[in-house]
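Raw target04.cif, mmCIF, C-alpha atoms:
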data_my_file
#
loop_
_atom_site.label_atom_id
_atom_site.label_comp_id
_atom_site.auth_asym_id
_atom_site.auth_seq_id
_atom_site.Cartn_x
_atom_site.Cartn_y
_atom_site.Cartn_z
CA MET A 407 -13.82 -23.46 -29.69
CA LYS A 408 -16.71 -21.04 -29.08
CA GLY A 409 -16.57 -21.01 -25.34
CA PHE A 410 -12.84 -20.76 -25.44
CA PHE A 411 -12.37 -17.09 -24.88
CA LYS A 412 -14.62 -16.98 -21.88
CA SER A 413 -13.33 -20.08 -20.13
CA LYS A 414 -10.92 -20.28 -17.25
CA VAL A 415 -8.24 -21.77 -19.44
CA SER A 416 -7.88 -18.66 -21.55
CA LEU A 417 -7.57 -16.53 -18.44
CA ILE A 418 -4.78 -18.72 -17.13
CA LEU A 419 -3.12 -18.68 -20.52
CA ALA A 420 -3.29 -14.89 -20.74
CA PHE A 421 -1.86 -14.58 -17.24
CA LEU A 422 1.01 -16.89 -18.16
CA ILE A 423 1.82 -14.97 -21.33
CA ILE A 424 1.89 -11.67 -19.45
CA PHE A 425 4.00 -13.29 -16.73
CA PHE A 426 6.59 -14.44 -19.23
CA ILE A 427 6.69 -11.16 -21.13
CA VAL A 428 7.23 -9.24 -17.90
CA LEU A 429 9.92 -11.64 -16.79
CA ASN A 430 11.76 -11.41 -20.07
CA PHE A 431 11.79 -7.67 -20.47
CA THR A 432 12.85 -6.72 -16.98
CA GLY A 433 15.93 -7.96 -15.22
CA LEU A 434 13.83 -10.26 -13.06
CA ILE A 435 14.96 -13.48 -14.71
CA LYS A 436 18.37 -13.32 -13.07
CA GLU A 437 16.84 -12.67 -9.65
CA VAL A 438 14.45 -15.59 -10.02
CA LYS A 439 17.21 -17.90 -11.16
CA ASN A 440 19.49 -16.71 -8.39
CA PHE A 441 16.78 -17.36 -5.83
CA PHE A 442 16.27 -20.92 -7.07
CA TYR A 443 20.00 -21.62 -7.13
CA LEU A 444 20.32 -20.22 -3.62
CA ILE A 445 17.73 -22.52 -2.12
CA SER A 446 18.88 -25.58 -4.03
CA SER A 447 22.63 -25.22 -3.73
CA PRO A 448 23.04 -27.17 -0.45
CA ILE A 449 21.09 -30.10 -1.90
CA GLN A 450 22.94 -29.91 -5.19
CA LYS A 451 26.33 -29.76 -3.52
CA THR A 452 25.48 -32.89 -1.53
CA PHE A 453 24.30 -34.62 -4.70
CA TRP A 454 27.46 -33.62 -6.52
CA GLN A 455 29.75 -35.02 -3.85
CA LEU A 456 27.63 -38.17 -3.54
CA GLY A 457 27.82 -38.55 -7.30
CA THR A 458 31.60 -38.21 -7.31
CA LYS A 459 31.98 -40.87 -4.64
CA THR A 460 29.54 -43.27 -6.32
CA SER A 461 31.09 -42.95 -9.74
CA VAL A 462 34.59 -43.44 -8.34
CA PHE A 463 33.32 -46.55 -6.55
CA PHE A 464 31.85 -48.04 -9.72
CA GLU A 465 34.87 -47.08 -11.75
CA GLY A 466 37.01 -48.99 -9.26
CA ILE A 467 34.91 -52.10 -9.73
CA PHE A 468 34.92 -51.98 -13.51
CA GLU A 469 38.58 -51.13 -13.88
CA MET A 470 39.88 -53.57 -11.28
CA LYS A 471 42.09 -55.64 -13.52
CA ASN A 472 43.70 -52.54 -15.05
CA LEU A 473 44.29 -50.86 -11.73
CA LYS A 474 47.47 -52.71 -10.81
CA LYS A 475 49.20 -52.00 -14.10
CA GLU A 476 47.99 -48.39 -14.11
CA ASN A 477 49.36 -48.01 -10.59
CA GLU A 478 52.80 -49.27 -11.60
CA ASP A 479 52.92 -47.06 -14.68
CA LEU A 480 51.93 -44.03 -12.63
CA GLN A 481 54.62 -44.72 -9.98
CA LEU A 482 57.28 -44.75 -12.69
CA LYS A 483 55.91 -41.53 -14.18
CA ILE A 484 55.93 -39.87 -10.74
CA GLU A 485 59.64 -40.65 -10.24
CA GLU A 486 60.41 -39.24 -13.66
CA LEU A 487 58.42 -36.08 -12.97
CA LYS A 488 59.98 -35.63 -9.51
CA SER A 489 63.47 -35.33 -10.94
CA GLU A 490 62.21 -33.03 -13.72
CA ASN A 491 60.46 -30.95 -11.07
CA THR A 492 63.62 -30.39 -8.99
CA ALA A 493 65.50 -29.26 -12.07
CA LEU A 494 62.66 -26.83 -12.92
CA LYS A 495 62.58 -25.44 -9.39
CA GLU A 496 66.27 -24.62 -9.67
CA LEU A 497 65.58 -22.83 -12.95
CA LYS A 498 62.76 -20.87 -11.36
CA LYS A 499 65.03 -19.65 -8.57
CA GLU A 500 67.67 -18.68 -11.08
CA ASN A 501 65.00 -16.83 -13.10
CA GLU A 502 63.92 -14.86 -10.05
CA THR A 503 67.45 -13.82 -9.09
CA LEU A 504 68.18 -12.76 -12.66
CA ARG A 505 64.95 -10.76 -12.85
CA GLU A 506 65.81 -8.96 -9.63
CA ALA A 507 69.32 -8.31 -10.84
CA LEU A 508 68.09 -6.86 -14.12
CA ASN A 509 65.28 -4.96 -12.39
CA ILE A 510 62.58 -6.41 -14.62
CA GLY A 511 60.12 -7.18 -11.87
CA LEU A 512 59.13 -10.62 -10.67
CA ALA A 513 56.69 -12.73 -12.71
CA LYS A 514 53.24 -12.36 -11.22
CA GLU A 515 51.46 -15.25 -9.63
CA PHE A 516 47.76 -15.35 -10.34
CA GLN A 517 45.26 -14.01 -7.86
CA LEU A 518 42.92 -16.92 -7.31
CA GLN A 519 39.50 -17.24 -5.78
CA LEU A 520 38.18 -20.60 -4.60
CA SER A 521 34.74 -21.87 -5.56
CA GLN A 522 32.79 -25.13 -5.71
CA ILE A 523 30.89 -26.66 -8.55
CA ILE A 524 27.12 -26.93 -8.06
CA SER A 525 25.57 -28.40 -11.16
CA LYS A 526 25.99 -28.89 -14.87
CA ASP A 527 23.54 -27.69 -17.47
CA SER A 528 21.39 -30.40 -19.05
CA SER A 529 21.84 -29.43 -22.66
CA GLN A 530 25.17 -27.66 -23.07
CA ASP A 531 28.72 -27.71 -21.73
CA SER A 532 28.51 -25.18 -18.95
CA ILE A 533 28.55 -25.54 -15.18
CA LEU A 534 27.32 -23.47 -12.26
CA ILE A 535 29.67 -22.41 -9.46
CA ASN A 536 28.90 -20.78 -6.14
CA LYS A 537 30.58 -17.38 -6.56
CA GLY A 538 28.81 -14.44 -8.17
CA LEU A 539 28.60 -10.66 -8.44
CA GLU A 540 28.83 -10.26 -4.69
CA ASP A 541 32.22 -11.99 -4.67
CA GLY A 542 33.62 -9.80 -7.41
CA VAL A 543 33.28 -12.24 -10.30
CA LYS A 544 33.05 -10.66 -13.75
CA LYS A 545 32.23 -12.04 -17.16
CA GLY A 546 35.17 -13.51 -19.06
CA LEU A 547 37.44 -14.44 -16.16
CA PRO A 548 39.35 -17.71 -16.68
CA VAL A 549 38.59 -20.69 -14.46
CA ILE A 550 41.10 -23.46 -13.67
CA THR A 551 40.95 -26.69 -11.69
CA SER A 552 42.86 -27.30 -8.46
CA GLN A 553 45.60 -28.95 -10.54
CA LYS A 554 45.98 -25.66 -12.46
CA THR A 555 44.59 -27.03 -15.73
CA LEU A 556 42.21 -25.04 -17.87
CA LEU A 557 38.48 -25.47 -17.38
CA GLY A 558 36.77 -22.55 -19.08
CA ARG A 559 35.70 -18.95 -18.62
CA ILE A 560 32.90 -17.18 -16.83
CA GLY A 561 29.74 -16.59 -18.87
CA GLN A 562 26.62 -15.21 -17.19
CA VAL A 563 27.04 -13.82 -13.70
CA PHE A 564 24.23 -13.86 -11.13
CA GLN A 565 24.15 -12.38 -7.69
CA ASN A 566 25.61 -15.34 -5.81
CA PHE A 567 26.39 -17.79 -8.61
CA SER A 568 27.98 -17.75 -12.02
CA GLU A 569 28.16 -19.89 -15.08
CA VAL A 570 31.43 -21.33 -16.40
CA ILE A 571 31.51 -22.00 -20.14
CA LEU A 572 33.72 -25.09 -20.47
CA ILE A 573 36.32 -25.34 -23.22
CA SER A 574 34.28 -28.16 -24.75
CA HIS A 575 31.27 -25.85 -25.29
CA LYS A 576 30.23 -25.55 -28.93
CA GLU A 577 30.95 -21.84 -29.05
CA SER A 578 34.25 -21.87 -27.22
CA SER A 579 37.43 -21.33 -29.19
CA PHE A 580 40.82 -19.86 -28.34
CA ASP A 581 44.45 -20.00 -29.42
CA ALA A 582 46.82 -22.64 -28.11
CA ARG A 583 50.17 -24.18 -28.95
CA ILE A 584 52.10 -27.39 -28.53
CA SER A 585 54.12 -27.01 -25.39
CA GLU A 586 57.76 -27.09 -26.36
CA ARG A 587 57.48 -26.17 -30.02
CA GLU A 588 56.18 -23.22 -31.97
CA ILE A 589 53.14 -24.96 -33.46
CA TYR A 590 50.03 -22.81 -33.06
CA GLY A 591 46.42 -23.79 -33.51
CA VAL A 592 42.92 -23.14 -32.21
CA ILE A 593 41.18 -25.18 -29.53
CA ARG A 594 37.52 -25.65 -30.39
CA GLY A 595 34.86 -27.34 -28.36
CA LYS A 596 32.42 -29.73 -29.96
CA GLY A 597 29.90 -30.27 -27.19
CA ASN A 598 29.57 -33.52 -25.22
CA LEU A 599 32.83 -32.78 -23.40
CA GLU A 600 34.91 -33.17 -26.60
CA VAL A 601 37.72 -30.78 -27.45
CA TYR A 602 39.54 -30.46 -30.78
CA PHE A 603 42.82 -28.79 -31.67
CA ASP A 604 42.14 -27.31 -35.08
CA LEU A 605 43.74 -25.14 -37.79
CA ILE A 606 47.20 -26.68 -37.39
CA PRO A 607 49.40 -26.03 -40.43
CA LYS A 608 49.79 -29.15 -42.52
CA ASP A 609 53.53 -29.11 -42.84
CA GLU A 610 54.11 -29.40 -39.08
CA GLU A 611 54.51 -32.85 -37.58
CA ILE A 612 52.65 -33.48 -34.31
CA PHE A 613 52.66 -36.64 -32.22
CA GLU A 614 50.24 -38.28 -29.83
CA GLY A 615 50.78 -37.43 -26.21
CA GLU A 616 52.19 -33.97 -26.78
CA ILE A 617 51.11 -31.36 -24.27
CA ILE A 618 48.99 -28.38 -25.34
CA VAL A 619 49.09 -25.07 -23.46
CA THR A 620 47.38 -21.73 -23.89
CA THR A 621 49.00 -18.73 -25.53
CA SER A 622 48.21 -15.13 -24.74
CA LEU A 623 47.06 -14.46 -28.34
CA GLY A 624 43.58 -13.01 -28.40
CA GLY A 625 43.70 -12.09 -24.74
CA ILE A 626 41.22 -14.75 -23.76
CA PHE A 627 43.34 -16.75 -21.35
CA PRO A 628 46.68 -16.12 -19.66
CA GLN A 629 49.50 -18.00 -21.30
CA GLY A 630 51.03 -21.26 -20.24
CA ILE A 631 48.00 -22.98 -18.71
CA LEU A 632 47.73 -26.68 -19.47
CA VAL A 633 44.86 -27.59 -21.78
CA GLY A 634 45.34 -31.27 -22.52
CA THR A 635 47.29 -33.81 -24.54
CA VAL A 636 47.01 -34.79 -28.19
CA LYS A 637 44.98 -37.95 -28.67
CA GLU A 638 44.22 -38.67 -32.30
CA ILE A 639 45.51 -36.81 -35.34
CA LYS A 640 43.44 -36.36 -38.49
CA LYS A 641 45.18 -35.37 -41.67
CA THR A 642 43.47 -35.53 -45.05
CA ASP A 643 44.49 -34.25 -48.44
CA ILE A 644 41.25 -32.30 -48.87
CA GLU A 645 41.41 -30.19 -45.74
CA PRO A 646 43.91 -27.30 -45.72
CA PHE A 647 44.72 -27.89 -42.05
CA GLN A 648 45.14 -30.86 -39.79
CA THR A 649 43.03 -31.53 -36.70
CA ALA A 650 43.74 -33.42 -33.51
CA GLN A 651 41.37 -34.71 -30.86
CA VAL A 652 42.43 -33.52 -27.42
CA LEU A 653 42.29 -35.49 -24.20
CA SER A 654 41.37 -32.66 -21.86
CA SER A 655 43.11 -32.58 -18.53
CA PHE A 656 39.98 -32.14 -16.48
CA ASP A 657 37.55 -34.94 -15.61
CA LEU A 658 34.08 -33.61 -14.98
CA LYS A 659 33.25 -36.51 -12.68
CA LYS A 660 36.09 -35.74 -10.32
CA LEU A 661 35.93 -31.94 -10.23
CA ASP A 662 35.39 -30.31 -6.89
CA ASN A 663 37.29 -27.14 -6.03
CA LEU A 664 37.83 -24.63 -8.79
CA PHE A 665 39.85 -21.43 -8.95
CA ILE A 666 38.77 -18.23 -10.66
CA ILE A 667 41.68 -16.09 -11.88
CA THR A 668 40.62 -12.61 -10.78
CA ASP A 669 43.45 -10.39 -11.86
CA PHE A 670 43.37 -11.03 -15.57
CA MET B 207 -6.21 -31.51 -7.85
CA ILE B 208 -4.22 -29.00 -5.80
CA LYS B 209 -2.54 -31.79 -3.89
CA LYS B 210 -1.51 -33.46 -7.14
CA ILE B 211 -0.06 -30.19 -8.42
CA ILE B 212 1.99 -29.75 -5.26
CA ILE B 213 3.26 -33.32 -5.59
CA LEU B 214 4.22 -32.57 -9.20
CA ILE B 215 6.02 -29.38 -8.20
CA LEU B 216 8.14 -31.21 -5.65
CA PHE B 217 8.68 -34.21 -7.91
CA PHE B 218 9.99 -32.16 -10.83
CA TYR B 219 12.09 -30.02 -8.49
CA PHE B 220 13.95 -32.97 -7.02
CA LEU B 221 14.19 -34.64 -10.41
CA ILE B 222 15.95 -31.67 -11.96
CA LEU B 223 18.30 -31.32 -9.00
CA PHE B 224 19.08 -35.01 -9.27
CA GLN B 225 19.63 -34.76 -13.01
CA THR B 226 21.94 -31.75 -12.97
CA SER B 227 24.07 -32.74 -9.99
CA PHE B 228 24.08 -36.48 -9.44
CA LEU B 229 23.50 -38.00 -12.87
CA VAL B 230 26.20 -35.86 -14.48
CA HIS B 231 28.74 -38.28 -13.04
CA PHE B 232 27.16 -41.17 -14.92
CA ASN B 233 27.30 -39.74 -18.41
CA TRP B 234 27.95 -41.82 -21.49
CA GLN B 235 30.27 -39.96 -23.89
CA GLY B 236 29.29 -36.73 -22.18
CA ILE B 237 25.53 -37.23 -22.55
CA VAL B 238 23.06 -37.38 -19.68
CA PRO B 239 19.47 -38.30 -20.64
CA ASN B 240 17.00 -35.53 -19.88
CA PHE B 241 14.78 -37.30 -17.34
CA VAL B 242 12.51 -34.33 -16.75
CA LEU B 243 11.51 -34.39 -20.41
CA ILE B 244 11.05 -38.17 -20.33
CA ALA B 245 8.95 -37.92 -17.16
CA LEU B 246 6.60 -35.34 -18.57
CA ILE B 247 6.17 -37.26 -21.80
CA PHE B 248 5.18 -40.36 -19.83
CA ILE B 249 2.82 -38.41 -17.58
CA ASN B 250 1.08 -37.09 -20.65
CA LEU B 251 0.96 -40.46 -22.39
CA PHE B 252 -0.55 -42.41 -19.52
CA GLU B 253 -3.27 -39.99 -18.60
CA LYS B 254 -6.78 -39.72 -19.99
CA PRO B 255 -6.76 -37.07 -22.67
CA GLU B 256 -9.58 -35.10 -21.06
CA LYS B 257 -7.78 -34.51 -17.79
CA LYS B 258 -5.71 -31.37 -17.48
CA LEU B 259 -2.96 -32.53 -15.13
CA GLY B 260 -0.59 -33.40 -17.98
CA ILE B 261 -0.56 -29.84 -19.27
CA VAL B 262 0.29 -28.54 -15.80
CA ALA B 263 3.05 -31.16 -15.64
CA GLY B 264 4.32 -29.93 -19.00
CA PHE B 265 4.39 -26.35 -17.82
CA LEU B 266 6.13 -27.19 -14.54
CA GLY B 267 8.73 -29.44 -16.16
CA GLY B 268 9.51 -26.80 -18.76
CA PHE B 269 9.68 -24.07 -16.15
CA TYR B 270 12.21 -26.00 -14.06
CA LEU B 271 14.28 -26.85 -17.13
CA ASP B 272 14.34 -23.15 -17.95
CA ILE B 273 15.43 -22.08 -14.49
CA PHE B 274 18.23 -24.62 -14.31
CA SER B 275 19.56 -24.07 -17.79
CA LEU B 276 21.99 -21.31 -18.61
CA SER B 277 23.02 -19.14 -21.51
CA PHE B 278 19.79 -18.80 -23.41
CA GLN B 279 20.45 -15.11 -23.56
CA GLY B 280 17.37 -12.96 -23.76
CA PHE B 281 14.51 -15.33 -24.02
CA PHE B 282 13.55 -17.09 -20.82
CA GLY B 283 10.63 -19.31 -21.69
CA PHE B 284 12.33 -21.53 -24.25
CA TYR B 285 12.01 -24.88 -22.52
CA THR B 286 8.60 -23.97 -21.06
CA LEU B 287 7.18 -23.40 -24.52
CA ILE B 288 8.68 -26.59 -25.87
CA SER B 289 7.36 -28.69 -22.98
CA LEU B 290 3.89 -27.13 -23.20
CA ALA B 291 3.85 -27.77 -26.92
CA ILE B 292 4.89 -31.40 -26.39
CA SER B 293 2.22 -32.05 -23.78
CA LEU B 294 -0.54 -30.34 -25.82
CA PHE B 295 0.54 -32.26 -28.90
CA ILE B 296 0.47 -35.60 -27.09
CA LYS B 297 -2.97 -34.85 -25.66
CA PHE B 298 -4.27 -33.84 -29.08
CA ILE B 299 -2.99 -36.97 -30.79
CA LEU B 300 -4.25 -39.23 -27.99
CA ARG B 301 -7.67 -37.66 -27.98
CA LYS B 302 -8.30 -37.94 -31.67
CA HIS B 303 -6.31 -40.84 -32.97
CA VAL B 304 -5.13 -43.31 -30.36
CA ARG B 305 -6.66 -45.70 -27.92
CA PHE B 306 -4.20 -46.38 -25.18
CA PRO B 307 -4.35 -48.26 -21.88
CA VAL B 308 -4.65 -45.62 -19.19
CA ILE B 309 -3.69 -45.87 -15.56
CA LYS B 310 -6.97 -45.27 -13.80
CA LYS B 311 -5.57 -43.71 -10.66
CA LEU B 312 -4.39 -40.56 -12.49
#
Written as structure tokens, how would this file's structure read?
Amino acid sequence: MKGFFKSKVSLILAFLIIFFIVLNFTGLIKEVKNFFYLISSPIQKTFWQLGTKTSVFFEGIFEMKNLKKENEDLQLKIEELKSENTALKELKKENETLREALNIGLAKEFQLQLSQIISKDSSQDSILINKGLEDGVKKGLPVITSQKTLLGRIGQVFQNFSEVILISHKESSFDARISEREIYGVIRGKGNLEVYFDLIPKDEEIFEGEIIVTTSLGGIFPQGILVGTVKEIKKTDIEPFQTAQVLSSFDLKKLDNLFIITDF
Amino acid sequence: MIKKIIILILFFYFLILFQTSFLVHFNWQGIVPNFVLIALIFINLFEKPEKKLGIVAGFLGGFYLDIFSLSFQGFFGFYTLISLAISLFIKFILRKHVRFPVIKKL
């Protein structure tokens, strides 16, 4: 240990410590990270799309015997939803004419901005997308998939990239309700892409397969965006509330184009 | 030595890109193994404890993990410190307490 303080190693160590202190206390971290993301984003985008195609290919092989039945079930569901959709479109037109007649003002459509997913963080549920400060992205804006289902909200913003905190992130929680009824609860993320619907009053009856949407309580997300469907319900006598596991409507392996809601 | 460091820099760079973009699609229950951490543990295990390349590998792996990880508000060097600590720890244990078959080429 005697020669330690004079050796080369200690010089390098001191340099490193100063380097890290300087990086931490100035704003340089974001610039450095932005630079790295900038040079790696073409490669990462290629990897991401390659990964999507490969995983879809393998999924096809493993699920082959279920595919035919799944296909038939989905065709039936599509016919059902088509007729429901035409009825809803009529209602929407009626709604618009009534709003004009009463002079309320038409319901606003969201202002959306398109972006692509670049990578996912190795240790937590957040992803990187290719729009940043320069494109007008701010912290807290909601992000939805191209099927208009909820994905998360913007966390850190860099110059050309930003981070999306998914709803399954450990620190993400917001209010939501069962779609056609007045049952309110809180959606909490548990990490590992798992989402739970928590704090549901015990005297309400909920069923598997019911649709969960966002409410505008808390001002975190706009209301009416699809979150997922109820998967498994947990009700014990000890807990004051019941909890349900949620099958989230986004599949991380198949994500590509995302929309940022900018006028929220 | 310099050539090996450059190879390590490129190796860890492509490994982290691979891990955060390609391997995400092959997760099991939402978990992707952290190959950068596994790689630097193996580099440190299979090298003679006197050589210094493992510590450089630890620093580089940790640095890349830091750059490509988000939301550690405030403190940047989190993964770098952890990886350096792991590589120094492995070297310390190997030097004093373990005899291990080493790959001579490293």
* To do: Take the PyMOL selection byres ((chain A) within 7 of (chain B)), apply it to the structure above, and return the hits as a PyMOL selection string.
  => chain A and resi 426+430+439+450+453-454+457-458+461+524-528+562+598-599+659
Neighbour list for stretch 259-261 of chain B as an mmCIF file with C-alpha atoms, in the coordinates of the input, cut-off 8 Å, all atoms listed in the file, skip fewer than 5 positions in-chain:
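Written out: around_32.cif:
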data_model
loop_
_atom_site.group_PDB
_atom_site.id
_atom_site.type_symbol
_atom_site.label_atom_id
_atom_site.label_comp_id
_atom_site.auth_asym_id
_atom_site.auth_seq_id
_atom_site.Cartn_x
_atom_site.Cartn_y
_atom_site.Cartn_z
ATOM 1 C CA ILE B 211 -0.060 -30.190 -8.420
ATOM 2 C CA LEU B 246 6.600 -35.340 -18.570
ATOM 3 C CA ILE B 249 2.820 -38.410 -17.580
ATOM 4 C CA ASN B 250 1.080 -37.090 -20.650
ATOM 5 C CA GLU B 253 -3.270 -39.990 -18.600
ATOM 6 C CA LEU B 290 3.890 -27.130 -23.200
ATOM 7 C CA SER B 293 2.220 -32.050 -23.780
ATOM 8 C CA LEU B 294 -0.540 -30.340 -25.820
#
* How many Å lie between atom CA of B:Ile288 and atom CA of B:Ile212, rounded to one decimal? ->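 According to the coordinates, atom CA of B:Ile288 and atom CA of B:Ile212 are separated by 21.9 Å.
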* Find, counting only C-alpha atoms, the residue in A:Lys436, A:Arg594, A:Lys637, A:Lys554 that gets nearest to A:Gly615. => A:Lys637
* Asked: Near A:Glu437, within 9 Å and counting only C-alpha atoms, which residues show up once chain neighbours fewer than 5 positions away are dropped, as a ChimeraX atom specification?
  -> /A:442,564-565
When the PyMOL selection byres ((chain B and resi 265) around 8) is applied to the file above, which residues end up in the set, as a compact mmCIF listing (two decimals) with C-alpha atoms, in the coordinates of the input?
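After the write, selection.txt holds the following:
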# COMPACT_ATOMS: atom_id res chain seq x y z
CA ILE B 261 -0.56 -29.84 -19.27
CA VAL B 262 0.29 -28.54 -15.80
CA ALA B 263 3.05 -31.16 -15.64
CA GLY B 264 4.32 -29.93 -19.00
CA LEU B 266 6.13 -27.19 -14.54
CA GLY B 267 8.73 -29.44 -16.16
CA GLY B 268 9.51 -26.80 -18.76
CA PHE B 269 9.68 -24.07 -16.15
CA THR B 286 8.60 -23.97 -21.06
CA LEU B 287 7.18 -23.40 -24.52
CA SER B 289 7.36 -28.69 -22.98
CA LEU B 290 3.89 -27.13 -23.20
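All residues of protein, DNA or RNA that reach within 7 Å of stretch 569-574 of chain A, judged by only C-alpha atoms and not counting those fewer than 3 positions away in the chain, are Asp531, Ser532, Ile533, Leu534, Ile535, Leu557, Gly558, Arg559, Ile560, Gly561, Gln562, Val563, Ser578, Arg594, Gly595, Lys596, Gly597, Leu599, Glu600 and Val601 of chain A.
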* To do: Find the residues near A:Leu632: any atom within 10 Å, counting only C-alpha atoms, skip ones fewer than 2 places away on the same chain, and give them as a PyMOL selection string.
  => chain A and resi 550+553-557+582+585+617-620+629-630+634-635+654-656
* Please provide as a ChimeraX atom specification all residues within 8 Å of stretch 295-304 of chain B, with the sequence filter that same-chain residues fewer than 3 positions apart are discarded (counting only C-alpha atoms). => /B:247,250-251,255-256,291-292
Write the residues you've just listed into a file as a PDB file, in the frame of the given file, and include C-alpha atoms for each of them.
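Listed below is the output, part_28.pdb:
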ATOM      1  CA  ILE B 247       6.170 -37.260 -21.800  1.00  0.00           C
ATOM      2  CA  ASN B 250       1.080 -37.090 -20.650  1.00  0.00           C
ATOM      3  CA  LEU B 251       0.960 -40.460 -22.390  1.00  0.00           C
ATOM      4  CA  PRO B 255      -6.760 -37.070 -22.670  1.00  0.00           C
ATOM      5  CA  GLU B 256      -9.580 -35.100 -21.060  1.00  0.00           C
ATOM      6  CA  ALA B 291       3.850 -27.770 -26.920  1.00  0.00           C
ATOM      7  CA  ILE B 292       4.890 -31.400 -26.390  1.00  0.00           C
TER       8      ILE B 292
END
* Calculate how many Å separate atom CA of A:Pro607 from atom CA of A:Asp657, rounding to one decimal. => 28.9 Å
* Quick one, how far is atom CA of A:Lys608 from atom CA of A:Asp581? ->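 Going from atom CA of A:Lys608 over to atom CA of A:Asp581, I get 16.8 Å.
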Centre, x/y/z edge lengths, axis-aligned box for stretch 650-665 of chain A with 4 Å per side, as JSON:
{"center_x": 38.5, "center_y": -29.0, "center_z": -19.8, "size_x": 18.5, "size_y": 23.1, "size_z": 35.5}
All heavy atoms modelled onto stretch 211-216 of chain B, as a PDB file, keeping the file's coordinate frame:
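The resulting file, out04.pdb, is reproduced below:
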ATOM      1  N   ILE B 211      -0.954 -31.189  -7.849  1.00  0.00           N
ATOM      2  CA  ILE B 211      -0.060 -30.190  -8.420  1.00  0.00           C
ATOM      3  C   ILE B 211       1.130 -29.972  -7.498  1.00  0.00           C
ATOM      4  O   ILE B 211       2.271 -29.841  -7.946  1.00  0.00           O
ATOM      5  CB  ILE B 211      -0.816 -28.867  -8.679  1.00  0.00           C
ATOM      6  CG1 ILE B 211      -1.871 -29.081  -9.746  1.00  0.00           C
ATOM      7  CG2 ILE B 211       0.137 -27.777  -9.109  1.00  0.00           C
ATOM      8  CD1 ILE B 211      -2.612 -27.834 -10.111  1.00  0.00           C
ATOM      9  N   ILE B 212       0.862 -29.948  -6.196  1.00  0.00           N
ATOM     10  CA  ILE B 212       1.990 -29.750  -5.260  1.00  0.00           C
ATOM     11  C   ILE B 212       2.955 -30.934  -5.347  1.00  0.00           C
ATOM     12  O   ILE B 212       4.178 -30.754  -5.335  1.00  0.00           O
ATOM     13  CB  ILE B 212       1.459 -29.558  -3.830  1.00  0.00           C
ATOM     14  CG1 ILE B 212       0.681 -28.264  -3.762  1.00  0.00           C
ATOM     15  CG2 ILE B 212       2.603 -29.541  -2.829  1.00  0.00           C
ATOM     16  CD1 ILE B 212       0.201 -27.920  -2.392  1.00  0.00           C
ATOM     17  N   ILE B 213       2.372 -32.159  -5.456  1.00  0.00           N
ATOM     18  CA  ILE B 213       3.260 -33.320  -5.590  1.00  0.00           C
ATOM     19  C   ILE B 213       4.111 -33.190  -6.849  1.00  0.00           C
ATOM     20  O   ILE B 213       5.316 -33.465  -6.851  1.00  0.00           O
ATOM     21  CB  ILE B 213       2.439 -34.620  -5.632  1.00  0.00           C
ATOM     22  CG1 ILE B 213       1.772 -34.850  -4.296  1.00  0.00           C
ATOM     23  CG2 ILE B 213       3.330 -35.804  -5.954  1.00  0.00           C
ATOM     24  CD1 ILE B 213       0.918 -36.083  -4.272  1.00  0.00           C
ATOM     25  N   LEU B 214       3.466 -32.739  -7.954  1.00  0.00           N
ATOM     26  CA  LEU B 214       4.220 -32.570  -9.200  1.00  0.00           C
ATOM     27  C   LEU B 214       5.320 -31.543  -9.051  1.00  0.00           C
ATOM     28  O   LEU B 214       6.436 -31.730  -9.540  1.00  0.00           O
ATOM     29  CB  LEU B 214       3.269 -32.118 -10.323  1.00  0.00           C
ATOM     30  CG  LEU B 214       2.575 -33.194 -11.123  1.00  0.00           C
ATOM     31  CD1 LEU B 214       1.755 -32.535 -12.198  1.00  0.00           C
ATOM     32  CD2 LEU B 214       3.593 -34.121 -11.734  1.00  0.00           C
ATOM     33  N   ILE B 215       5.006 -30.423  -8.367  1.00  0.00           N
ATOM     34  CA  ILE B 215       6.020 -29.380  -8.200  1.00  0.00           C
ATOM     35  C   ILE B 215       7.250 -29.952  -7.493  1.00  0.00           C
ATOM     36  O   ILE B 215       8.385 -29.781  -7.930  1.00  0.00           O
ATOM     37  CB  ILE B 215       5.449 -28.174  -7.415  1.00  0.00           C
ATOM     38  CG1 ILE B 215       4.417 -27.440  -8.243  1.00  0.00           C
ATOM     39  CG2 ILE B 215       6.548 -27.220  -7.003  1.00  0.00           C
ATOM     40  CD1 ILE B 215       3.800 -26.263  -7.527  1.00  0.00           C
ATOM     41  N   LEU B 216       7.000 -30.668  -6.383  1.00  0.00           N
ATOM     42  CA  LEU B 216       8.140 -31.210  -5.650  1.00  0.00           C
ATOM     43  C   LEU B 216       8.865 -32.280  -6.448  1.00  0.00           C
ATOM     44  O   LEU B 216      10.096 -32.348  -6.452  1.00  0.00           O
ATOM     45  CB  LEU B 216       7.665 -31.785  -4.312  1.00  0.00           C
ATOM     46  CG  LEU B 216       7.223 -30.732  -3.311  1.00  0.00           C
ATOM     47  CD1 LEU B 216       6.632 -31.386  -2.086  1.00  0.00           C
ATOM     48  CD2 LEU B 216       8.404 -29.884  -2.907  1.00  0.00           C
TER      49      LEU B 216
END
